[in-house]
Amino acid sequence: MTDLRFYHLTATSVEQALPLMLSKTLERGKRAQLRFVTAERLEAVNQHLWTYEQASFLPHGGPKQGRAEAQPIWLTLDDDNPNQAEYLFLLEGRAPDVLQGYEMVALLFDARDEVAMAAARQHWKTLSQDQHLRAGLSYWRQTPQGGWDKQR
């Protein structure tokens, strides 16, 4: 069963939270895919992952770099899984359409983004109505310190 996690960001932005989440993913020996709605946001996050911290490095690539199979973190607009990621991160309110093959799917949404909040609410409603998916569904709210509290 796929672990479906909703991450409600209240203390930091997606750009601030994502590097830590991706670092933990790699520490666990897992591969990740970040799925976006727009090419502009994909490119902005791509640049951010190169520069977010001078002393750190998150190996990643996307369609411009190619060689998906060699990338532990793959940024994409597509629904396929060319880097064989176990963890899927959905951004910009991206719908969780393709869940099979992933151990964990994380929907990240910022409390300051009303569009993302509305999309997350709709995704939660849709997923919670599916009897097979409901058991793997969880909601995580960010603490003021930037950690996470599981709410359900």
# chains A, B, ... in the order shown; residues from 1 in each chain; ligands from 1

call {"tool": "select_by_dssp", "arguments": {"residues": "chain A", "states": "strand (DSSP E or B)", "output": "PyMOL selection string"}}
result
chain A and resi 3-9+32-35+61+73-76+87-90+104-110+137-142+148-150

call {"tool": "residues_around", "arguments": {"residues": "Leu133 of chain A", "least_positions_apart": "2", "cutoff": "10 Å", "atoms": "only C-alpha atoms", "output": "JSON, numbers by chain"}}
result
{"A": [1, 2, 3, 4, 99, 126, 127, 128, 129, 130, 131, 135, 136, 137]}

call {"tool": "residues_around", "arguments": {"residues": "segment 104-111 of chain A", "least_positions_apart": "4", "cutoff": "9 Å", "atoms": "only C-alpha atoms", "output": "JSON, numbers by chain"}}
result
{"A": [1, 2, 3, 4, 5, 6, 7, 8, 9, 10, 11, 12, 13, 14, 18, 86, 87, 88, 89, 90, 91, 92, 93, 94, 95, 96, 99, 116, 117, 119, 120]}

call {"tool": "write_last_selection", "arguments": {"atoms": "C-alpha atoms", "output": "compact mmCIF listing (two decimals), in the first residue's frame"}}
result
# COMPACT_ATOMS: atom_id res chain seq x y z
CA MET A 1 0.00 0.00 0.00
CA THR A 2 1.21 3.51 -0.82
CA ASP A 3 1.75 5.86 2.10
CA LEU A 4 -0.10 9.09 1.12
CA ARG A 5 1.04 12.08 3.12
CA PHE A 6 -0.31 15.61 3.05
CA TYR A 7 2.27 18.11 4.32
CA HIS A 8 0.72 21.42 5.38
CA LEU A 9 3.49 24.01 5.48
CA THR A 10 2.76 26.74 8.02
CA ALA A 11 6.22 27.85 9.19
CA THR A 12 8.34 27.66 6.03
CA SER A 13 7.91 27.74 2.28
CA VAL A 14 8.06 24.69 0.04
CA LEU A 18 12.01 20.55 0.37
CA GLU A 86 10.22 5.19 -4.48
CA TYR A 87 9.12 8.59 -3.14
CA LEU A 88 6.97 11.03 -5.10
CA PHE A 89 6.62 14.68 -4.11
CA LEU A 90 3.69 16.54 -5.67
CA LEU A 91 3.97 20.31 -5.87
CA GLU A 92 1.84 23.24 -7.06
CA GLY A 93 -1.38 21.40 -6.22
CA ARG A 94 -0.49 18.60 -8.63
CA ALA A 95 -3.09 15.84 -8.52
CA PRO A 96 -2.09 12.40 -7.21
CA LEU A 99 0.32 6.36 -7.31
CA ALA A 116 -2.61 25.10 -3.30
CA MET A 117 -4.75 24.87 -0.14
CA ALA A 119 -6.30 21.81 -4.37
CA ALA A 120 -5.07 19.91 -1.29

call {"tool": "closest_residue", "arguments": {"among": "A:Arg112, A:His132, A:His48, A:Lys125", "to": "Gln16 of chain A", "atoms": "only C-alpha atoms"}}
result
A:His48

call {"tool": "select_by_dssp", "arguments": {"residues": "segment 5-50 of chain A", "states": "helix (DSSP H, G or I)", "output": "list in words"}}
result
Val14, Glu15, Gln16, Ala17, Leu18, Pro19, Leu20, Met21, Leu22, Ser23, Lys24, Thr25, Leu26, Glu27, Ala39, Glu40, Arg41, Leu42, Glu43, Ala44, Val45, Asn46, Gln47, His48, Leu49 and Trp50 of chain A

call {"tool": "residues_around", "arguments": {"residues": "Thr76 of chain A", "least_positions_apart": "6", "cutoff": "12 Å", "atoms": "only C-alpha atoms", "output": "compact mmCIF listing (two decimals) with N, CA and C atoms, in the first residue's frame"}}
result
# COMPACT_ATOMS: atom_id res chain seq x y z
N ALA A 32 13.86 9.90 -5.38
CA ALA A 32 12.70 10.78 -5.33
C ALA A 32 12.37 11.35 -6.71
N GLN A 33 11.11 11.64 -6.86
CA GLN A 33 10.65 12.37 -8.03
C GLN A 33 9.84 13.56 -7.53
N LEU A 34 10.09 14.72 -8.11
CA LEU A 34 9.31 15.92 -7.82
C LEU A 34 8.49 16.20 -9.06
N ARG A 35 7.18 16.22 -8.91
CA ARG A 35 6.28 16.41 -10.05
C ARG A 35 5.60 17.77 -9.93
N PHE A 36 5.72 18.55 -10.99
CA PHE A 36 5.23 19.92 -11.03
C PHE A 36 4.08 20.09 -12.02
N VAL A 37 3.42 21.24 -11.94
CA VAL A 37 2.37 21.61 -12.89
C VAL A 37 2.98 22.47 -14.00
N THR A 38 3.89 23.39 -13.63
CA THR A 38 4.44 24.32 -14.62
C THR A 38 5.96 24.18 -14.77
N ALA A 39 6.42 24.42 -15.98
CA ALA A 39 7.85 24.37 -16.27
C ALA A 39 8.59 25.48 -15.53
N GLU A 40 7.95 26.61 -15.31
CA GLU A 40 8.58 27.73 -14.60
C GLU A 40 8.90 27.35 -13.16
N ARG A 41 7.97 26.71 -12.50
CA ARG A 41 8.21 26.32 -11.10
C ARG A 41 9.24 25.20 -11.02
N LEU A 42 9.20 24.27 -11.98
CA LEU A 42 10.20 23.21 -12.03
C LEU A 42 11.58 23.82 -12.13
N GLU A 43 11.75 24.77 -13.02
CA GLU A 43 13.07 25.39 -13.21
C GLU A 43 13.49 26.19 -11.99
N VAL A 45 12.69 25.59 -8.83
CA VAL A 45 13.11 24.63 -7.80
C VAL A 45 14.42 23.98 -8.19
N ASN A 46 14.59 23.69 -9.46
CA ASN A 46 15.85 23.13 -9.95
C ASN A 46 17.01 24.05 -9.57
N HIS A 60 20.51 16.01 -8.48
CA HIS A 60 19.20 15.99 -9.13
C HIS A 60 19.32 16.37 -10.59
N GLY A 61 18.27 16.13 -11.31
CA GLY A 61 18.20 16.51 -12.71
C GLY A 61 16.76 16.49 -13.18
N GLY A 62 16.61 16.90 -14.42
CA GLY A 62 15.30 16.93 -15.04
C GLY A 62 15.44 16.72 -16.53
N PRO A 63 14.39 16.97 -17.27
CA PRO A 63 14.42 16.73 -18.71
C PRO A 63 15.56 17.46 -19.44
N LYS A 64 15.92 18.65 -19.01
CA LYS A 64 17.02 19.38 -19.67
C LYS A 64 18.36 18.68 -19.49
N GLN A 65 18.57 18.08 -18.33
CA GLN A 65 19.82 17.38 -18.05
C GLN A 65 19.81 15.96 -18.61
N GLY A 66 18.64 15.35 -18.66
CA GLY A 66 18.51 13.99 -19.17
C GLY A 66 19.07 12.95 -18.23
N ALA A 68 17.76 10.28 -16.77
CA ALA A 68 16.91 10.12 -15.58
C ALA A 68 17.34 8.94 -14.72
N PRO A 82 10.91 7.65 -14.69
CA PRO A 82 12.12 7.19 -15.37
C PRO A 82 13.33 6.95 -14.46
N ASN A 83 13.34 7.51 -13.26
CA ASN A 83 14.47 7.27 -12.35
C ASN A 83 14.14 6.20 -11.30
N ALA A 85 11.92 6.12 -8.91
CA ALA A 85 11.80 6.71 -7.58
C ALA A 85 10.81 5.91 -6.72
N LEU A 88 7.49 10.04 -4.17
CA LEU A 88 6.97 11.03 -5.10
C LEU A 88 6.51 12.25 -4.32
N PHE A 89 7.01 13.42 -4.72
CA PHE A 89 6.62 14.68 -4.11
C PHE A 89 5.81 15.47 -5.13
N LEU A 90 4.57 15.80 -4.78
CA LEU A 90 3.69 16.54 -5.67
C LEU A 90 3.65 17.99 -5.22
N LEU A 91 3.89 18.89 -6.17
CA LEU A 91 3.97 20.31 -5.87
C LEU A 91 2.99 21.10 -6.73
N ARG A 94 -0.45 19.69 -7.64
CA ARG A 94 -0.49 18.60 -8.63
C ARG A 94 -1.33 17.45 -8.08

call {"tool": "atom_distance", "arguments": {"atom1": "atom CA of Glu53 of chain A", "atom2": "atom CA of Glu103 of chain A"}}
result
28.1 Å

call {"tool": "decode", "arguments": {"residues": "segment 27-71 of chain A", "atoms": "N, CA and C atoms", "output": "mmCIF file, in the first residue's frame"}}
result
data_model
loop_
_atom_site.group_PDB
_atom_site.id
_atom_site.type_symbol
_atom_site.label_atom_id
_atom_site.label_comp_id
_atom_site.auth_asym_id
_atom_site.auth_seq_id
_atom_site.Cartn_x
_atom_site.Cartn_y
_atom_site.Cartn_z
ATOM 1 N N GLU A 27 19.098 9.890 2.536
ATOM 2 C CA GLU A 27 19.694 9.198 3.689
ATOM 3 C C GLU A 27 19.069 7.819 3.889
ATOM 4 N N ARG A 28 17.802 7.680 3.539
ATOM 5 C CA ARG A 28 17.102 6.397 3.664
ATOM 6 C C ARG A 28 17.408 5.459 2.489
ATOM 7 N N GLY A 29 18.231 5.933 1.556
ATOM 8 C CA GLY A 29 18.577 5.122 0.399
ATOM 9 C C GLY A 29 17.480 5.066 -0.650
ATOM 10 N N LYS A 30 16.598 6.060 -0.647
ATOM 11 C CA LYS A 30 15.476 6.104 -1.581
ATOM 12 C C LYS A 30 15.734 7.131 -2.679
ATOM 13 N N ARG A 31 15.065 6.921 -3.797
ATOM 14 C CA ARG A 31 15.102 7.860 -4.910
ATOM 15 C C ARG A 31 13.803 8.662 -4.886
ATOM 16 N N ALA A 32 13.858 9.898 -5.382
ATOM 17 C CA ALA A 32 12.697 10.785 -5.328
ATOM 18 C C ALA A 32 12.375 11.347 -6.707
ATOM 19 N N GLN A 33 11.107 11.638 -6.860
ATOM 20 C CA GLN A 33 10.651 12.368 -8.028
ATOM 21 C C GLN A 33 9.843 13.556 -7.530
ATOM 22 N N LEU A 34 10.089 14.721 -8.108
ATOM 23 C CA LEU A 34 9.312 15.919 -7.821
ATOM 24 C C LEU A 34 8.489 16.204 -9.061
ATOM 25 N N ARG A 35 7.178 16.221 -8.905
ATOM 26 C CA ARG A 35 6.281 16.413 -10.048
ATOM 27 C C ARG A 35 5.601 17.772 -9.926
ATOM 28 N N PHE A 36 5.721 18.553 -10.992
ATOM 29 C CA PHE A 36 5.227 19.923 -11.031
ATOM 30 C C PHE A 36 4.081 20.085 -12.020
ATOM 31 N N VAL A 37 3.416 21.242 -11.943
ATOM 32 C CA VAL A 37 2.373 21.615 -12.891
ATOM 33 C C VAL A 37 2.977 22.470 -14.000
ATOM 34 N N THR A 38 3.888 23.388 -13.634
ATOM 35 C CA THR A 38 4.437 24.324 -14.619
ATOM 36 C C THR A 38 5.958 24.183 -14.768
ATOM 37 N N ALA A 39 6.420 24.417 -15.982
ATOM 38 C CA ALA A 39 7.855 24.372 -16.271
ATOM 39 C C ALA A 39 8.593 25.480 -15.527
ATOM 40 N N GLU A 40 7.948 26.612 -15.308
ATOM 41 C CA GLU A 40 8.584 27.727 -14.602
ATOM 42 C C GLU A 40 8.904 27.347 -13.157
ATOM 43 N N ARG A 41 7.972 26.714 -12.501
ATOM 44 C CA ARG A 41 8.206 26.320 -11.105
ATOM 45 C C ARG A 41 9.243 25.203 -11.023
ATOM 46 N N LEU A 42 9.198 24.271 -11.977
ATOM 47 C CA LEU A 42 10.197 23.211 -12.032
ATOM 48 C C LEU A 42 11.584 23.815 -12.132
ATOM 49 N N GLU A 43 11.752 24.772 -13.024
ATOM 50 C CA GLU A 43 13.070 25.390 -13.212
ATOM 51 C C GLU A 43 13.488 26.192 -11.986
ATOM 52 N N ALA A 44 12.554 26.873 -11.348
ATOM 53 C CA ALA A 44 12.881 27.640 -10.144
ATOM 54 C C ALA A 44 13.364 26.710 -9.025
ATOM 55 N N VAL A 45 12.691 25.588 -8.831
ATOM 56 C CA VAL A 45 13.107 24.634 -7.796
ATOM 57 C C VAL A 45 14.424 23.978 -8.191
ATOM 58 N N ASN A 46 14.585 23.685 -9.464
ATOM 59 C CA ASN A 46 15.851 23.130 -9.952
ATOM 60 C C ASN A 46 17.014 24.051 -9.567
ATOM 61 N N GLN A 47 16.878 25.330 -9.846
ATOM 62 C CA GLN A 47 17.927 26.296 -9.492
ATOM 63 C C GLN A 47 18.113 26.382 -7.978
ATOM 64 N N HIS A 48 17.007 26.362 -7.253
ATOM 65 C CA HIS A 48 17.071 26.461 -5.796
ATOM 66 C C HIS A 48 17.833 25.279 -5.185
ATOM 67 N N LEU A 49 17.629 24.086 -5.715
ATOM 68 C CA LEU A 49 18.303 22.911 -5.162
ATOM 69 C C LEU A 49 19.818 22.963 -5.382
ATOM 70 N N TRP A 50 20.270 23.742 -6.361
ATOM 71 C CA TRP A 50 21.711 23.917 -6.561
ATOM 72 C C TRP A 50 22.296 24.945 -5.600
ATOM 73 N N THR A 51 21.469 25.882 -5.153
ATOM 74 C CA THR A 51 22.005 27.041 -4.421
ATOM 75 C C THR A 51 21.447 27.234 -3.012
ATOM 76 N N TYR A 52 20.585 26.361 -2.534
ATOM 77 C CA TYR A 52 19.892 26.602 -1.266
ATOM 78 C C TYR A 52 20.848 26.710 -0.083
ATOM 79 N N GLU A 53 21.980 26.027 -0.158
ATOM 80 C CA GLU A 53 22.957 26.075 0.923
ATOM 81 C C GLU A 53 24.339 25.840 0.313
ATOM 82 N N GLN A 54 25.259 26.685 0.649
ATOM 83 C CA GLN A 54 26.579 26.608 0.036
ATOM 84 C C GLN A 54 27.322 25.307 0.361
ATOM 85 N N ALA A 55 27.116 24.763 1.542
ATOM 86 C CA ALA A 55 27.871 23.580 1.974
ATOM 87 C C ALA A 55 27.185 22.257 1.626
ATOM 88 N N SER A 56 26.011 22.307 0.998
ATOM 89 C CA SER A 56 25.269 21.082 0.715
ATOM 90 C C SER A 56 25.065 20.885 -0.780
ATOM 91 N N PHE A 57 24.782 19.640 -1.134
ATOM 92 C CA PHE A 57 24.547 19.290 -2.523
ATOM 93 C C PHE A 57 23.470 18.212 -2.586
ATOM 94 N N LEU A 58 22.460 18.444 -3.375
ATOM 95 C CA LEU A 58 21.424 17.444 -3.612
ATOM 96 C C LEU A 58 21.495 17.051 -5.081
ATOM 97 N N PRO A 59 21.988 15.852 -5.366
ATOM 98 C CA PRO A 59 22.110 15.431 -6.762
ATOM 99 C C PRO A 59 20.732 15.288 -7.400
ATOM 100 N N HIS A 60 20.510 16.008 -8.485
ATOM 101 C CA HIS A 60 19.204 15.988 -9.126
ATOM 102 C C HIS A 60 19.324 16.372 -10.593
ATOM 103 N N GLY A 61 18.268 16.133 -11.307
ATOM 104 C CA GLY A 61 18.200 16.512 -12.709
ATOM 105 C C GLY A 61 16.764 16.485 -13.181
ATOM 106 N N GLY A 62 16.610 16.904 -14.416
ATOM 107 C CA GLY A 62 15.298 16.934 -15.039
ATOM 108 C C GLY A 62 15.442 16.724 -16.528
ATOM 109 N N PRO A 63 14.391 16.975 -17.270
ATOM 110 C CA PRO A 63 14.423 16.734 -18.710
ATOM 111 C C PRO A 63 15.561 17.460 -19.441
ATOM 112 N N LYS A 64 15.921 18.653 -19.013
ATOM 113 C CA LYS A 64 17.023 19.382 -19.668
ATOM 114 C C LYS A 64 18.361 18.681 -19.488
ATOM 115 N N GLN A 65 18.572 18.078 -18.326
ATOM 116 C CA GLN A 65 19.823 17.384 -18.052
ATOM 117 C C GLN A 65 19.809 15.959 -18.614
ATOM 118 N N GLY A 66 18.640 15.348 -18.657
ATOM 119 C CA GLY A 66 18.508 13.989 -19.175
ATOM 120 C C GLY A 66 19.073 12.948 -18.234
ATOM 121 N N ARG A 67 19.243 11.745 -18.745
ATOM 122 C CA ARG A 67 19.794 10.613 -17.995
ATOM 123 C C ARG A 67 19.041 10.387 -16.677
ATOM 124 N N ALA A 68 17.758 10.283 -16.767
ATOM 125 C CA ALA A 68 16.910 10.116 -15.579
ATOM 126 C C ALA A 68 17.342 8.936 -14.720
ATOM 127 N N GLU A 69 17.749 7.854 -15.354
ATOM 128 C CA GLU A 69 18.119 6.657 -14.595
ATOM 129 C C GLU A 69 19.306 6.897 -13.669
ATOM 130 N N ALA A 70 20.106 7.928 -13.945
ATOM 131 C CA ALA A 70 21.276 8.236 -13.126
ATOM 132 C C ALA A 70 20.976 9.272 -12.041
ATOM 133 N N GLN A 71 19.757 9.794 -12.017
ATOM 134 C CA GLN A 71 19.416 10.881 -11.101
ATOM 135 C C GLN A 71 18.667 10.343 -9.871
#
